[in-house]
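Engineer: This one is upload27.txt, compact mmCIF, C-alpha atoms.
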# COMPACT_ATOMS: atom_id res chain seq x y z
CA MET G 1 9.24 0.71 36.48
CA ALA G 2 6.47 -0.52 34.19
CA THR G 3 6.24 -3.43 31.76
CA VAL G 4 4.88 -3.03 28.26
CA SER G 5 3.79 -6.13 26.33
CA LEU G 6 2.85 -5.84 22.65
CA ILE G 7 1.06 -8.09 20.18
CA ALA G 8 1.54 -6.84 16.63
CA GLU G 9 1.17 -8.25 13.15
CA SER G 10 4.64 -7.02 12.23
CA LYS G 11 7.92 -6.58 14.03
CA GLU G 12 8.14 -3.11 12.45
CA ASP G 13 4.99 -1.96 14.25
CA ALA G 14 6.28 -3.37 17.55
CA ALA G 15 9.61 -1.62 16.95
CA ALA G 16 7.78 1.68 16.24
CA VAL G 17 5.89 1.51 19.55
CA PHE G 18 8.99 0.58 21.53
CA GLY G 19 10.90 3.33 19.70
CA VAL G 20 8.43 5.95 20.93
CA LEU G 21 8.75 4.71 24.50
CA ARG G 22 12.57 4.50 24.30
CA THR G 23 12.67 8.09 23.08
CA ALA G 24 10.69 9.20 26.12
CA PHE G 25 11.92 6.86 28.88
CA PRO G 26 14.91 4.70 29.89
CA ALA G 27 14.39 1.02 29.01
CA ASN G 28 15.78 -2.31 30.19
CA ARG G 29 16.86 -3.14 26.63
CA PRO G 30 19.35 -1.31 24.40
CA SER G 31 17.96 0.67 21.47
CA ASP G 32 19.45 -1.78 18.97
CA ASP G 33 17.54 -4.71 20.55
CA LEU G 34 14.70 -4.78 18.01
CA PRO G 35 11.77 -7.22 17.91
CA GLN G 36 12.47 -10.32 15.86
CA GLU G 37 10.03 -12.35 13.77
CA LEU G 38 9.16 -15.76 15.16
CA SER G 39 8.03 -18.72 13.10
CA GLY G 40 4.70 -20.38 13.78
CA ASP G 41 1.00 -19.64 13.72
CA GLN G 42 0.75 -17.91 17.09
CA PRO G 43 1.06 -14.12 17.34
CA ALA G 44 4.33 -12.91 18.83
CA VAL G 45 4.36 -11.07 22.14
CA TRP G 46 7.20 -8.59 22.73
CA SER G 47 7.92 -7.12 26.17
CA ALA G 48 10.19 -4.47 27.65
CA GLU G 49 10.42 -2.52 30.90
CA PHE G 50 10.52 1.26 31.05
CA GLU G 51 11.32 3.70 33.86
CA PRO G 52 9.00 6.67 33.34
CA THR G 53 10.49 10.00 34.37
CA GLN G 54 9.02 13.46 34.73
CA GLU G 55 11.21 14.77 31.90
CA ARG G 56 10.04 13.33 28.60
CA ILE G 57 10.83 14.11 25.01
CA PRO G 58 7.54 14.84 23.21
CA THR G 59 6.95 12.79 20.10
CA ASP G 60 5.07 13.38 16.88
CA PRO G 61 2.46 10.96 15.51
CA ILE G 62 4.02 7.74 14.21
CA PRO G 63 2.33 5.64 11.47
CA LEU G 64 1.59 1.95 11.99
CA GLU G 65 0.84 -0.62 9.29
CA SER G 66 -1.89 -2.17 11.44
CA SER G 67 -3.15 -1.94 14.99
CA VAL G 68 -1.06 -3.09 17.95
CA SER G 69 -2.38 -4.51 21.22
CA ALA G 70 -0.52 -3.18 24.25
CA THR G 71 -0.66 -4.07 27.93
CA LEU G 72 0.88 -1.62 30.41
CA GLN G 73 1.55 -2.95 33.91
CA GLY G 74 3.18 -1.26 36.88
CA GLY G 75 2.76 1.51 39.41
CA TYR G 76 -0.05 3.99 38.88
CA ALA G 77 2.17 6.97 37.98
CA ALA G 78 4.40 4.90 35.68
CA VAL G 79 1.47 3.43 33.74
CA ASP G 80 -0.16 6.86 33.44
CA GLN G 81 3.06 8.36 32.01
CA LEU G 82 3.44 5.53 29.49
CA PHE G 83 -0.22 5.93 28.49
CA GLU G 84 0.30 9.66 27.97
CA ALA G 85 3.40 9.12 25.82
CA LEU G 86 1.63 6.53 23.66
CA GLY G 87 -1.35 8.86 23.27
CA ALA G 88 0.92 11.56 21.84
CA ALA G 89 2.17 9.23 19.08
CA PHE G 90 -0.80 6.95 18.35
CA ALA G 91 -4.58 6.82 18.37
CA VAL G 92 -5.39 4.91 21.56
CA ASP G 93 -8.48 2.82 22.25
CA HIS G 94 -8.75 1.90 25.93
CA TRP G 95 -9.97 -1.69 26.25
CA GLY G 96 -9.88 -2.18 29.99
CA ALA G 97 -8.01 -1.86 33.23
CA ALA G 98 -7.46 -3.73 36.47
CA SER G 99 -6.26 -1.99 39.61
CA GLY G 100 -4.64 -3.24 42.79
CA ASP G 101 -3.22 -1.59 45.87
CA GLN G 102 0.00 -0.39 44.26
CA GLU G 103 -0.17 -1.46 40.62
CA LYS G 104 -2.49 -1.31 37.70
CA GLU G 105 -2.77 -2.96 34.32
CA VAL G 106 -4.21 -1.25 31.25
CA ASP G 107 -5.07 -2.91 27.93
CA LEU G 108 -4.94 -0.73 24.82
CA ARG G 109 -5.27 -0.90 21.05
CA LEU G 110 -2.86 1.45 19.25
CA SER G 111 -3.29 2.62 15.67
CA SER G 112 -2.13 5.47 13.45
CA LYS G 113 -3.53 8.91 14.19
CA ARG G 114 -5.71 10.22 11.40
Could you write out this structure as structure tokens?
Structural biologist:
Amino acid sequence: MATVSLIAESKEDAAAVFGVLRTAFPANRPSDDLPQELSGDQPAVWSAEFEPTQERIPTDPIPLESSVSATLQGGYAAVDQLFEALGAAFAVDHWGAASGDQEKEVDLRLSSKR
């Protein structure tokens, strides 16, 4: 199991990223549980958990209105599989990573592939 946290300017971009991951992996939230807009000046953070599996459905590039910040956290294999799935759909800039004994955290910036 791995947790994905997103910061996006629009709920549509967050929904697009979660949609890619839901297509590839089982999630802790139903597919109709879409990100909601929140009022206020602070950026919204949306999170969901995914169970990466060896059998994935490949995805085509998905357009985003603007870039999305993503943090992947979980076991090494799970985070690597999520990273690979996101890389198939989006342009990925790797910002940083922190590793522990059994888990790692990866910070990414996702944007539309050109």
Engineer: Excluding Pro63 of chain G and residues on its chain fewer than 6 positions from it, collect all residues at most 9 Å away from it, counting all atoms listed in the file, and give them as a ChimeraX atom specification.
Structural biologist: /G:13,16,89-90,111-113
Engineer: Counting all atoms listed in the file, which residues have an atom no more than 12 Å from (1.2, 6.1, 23.9) in the file's coordinates? Please list them as number ranges by chain.
Structural biologist: G: 4, 16-25, 58-62, 68-72, 79-94, 106-113
Engineer: Kindly give the distance, in Å, that separates atom CA of Gln73 of chain G and atom CA of Ala2 of chain G, rounded to a single decimal.
Structural biologist: 5.5 Å
Engineer: Please, what distance in Å, to one decimal, runs between atom CA of Glu103 of chain G and atom CA of Ala15 of chain G?
Structural biologist: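 Distance reported for this atom pair: 25.6 Å.
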Engineer: Have a look at atom CA of Ala77 of chain G and atom CA of Trp46 of chain G and let me know their distance in Å, one decimal.
Structural biologist: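 Computed distance, atom CA of Ala77 of chain G to atom CA of Trp46 of chain G, equals 22.4 Å.
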Engineer: Step by step, gather every atom of segment 70-82 of chain G that the file lists, find the box along x, y and z that holds them, add 5 Å on each side, and finally give centre and edge lengths in Å to one decimal, as JSON.
Structural biologist:
{"center_x": 1.9, "center_y": 2.1, "center_z": 31.8, "size_x": 15.1, "size_y": 22.4, "size_z": 25.2}
Engineer: G:Ser67, G:Arg114, G:Tyr76, G:Ala44: which is nearest Asp101 of chain G, counting all atoms listed in the file?
Structural biologist: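 Residue with the minimum atom-to-atom distance to Asp101 of chain G: G:Tyr76.
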Engineer: With distances taken over all atoms listed in the file, which residue among G:Trp95, G:Gly100, G:Ala78, G:Leu64 lies nearest Met1 of chain G?
Structural biologist: G:Ala78
Engineer: Calculated over all atoms listed in the file, which of the candidates G:Glu12, G:Ser66, G:Thr3, G:Ala98 has the smallest distance to Glu51 of chain G?
Structural biologist: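 The answer is G:Thr3, which sits nearest to Glu51 of chain G.
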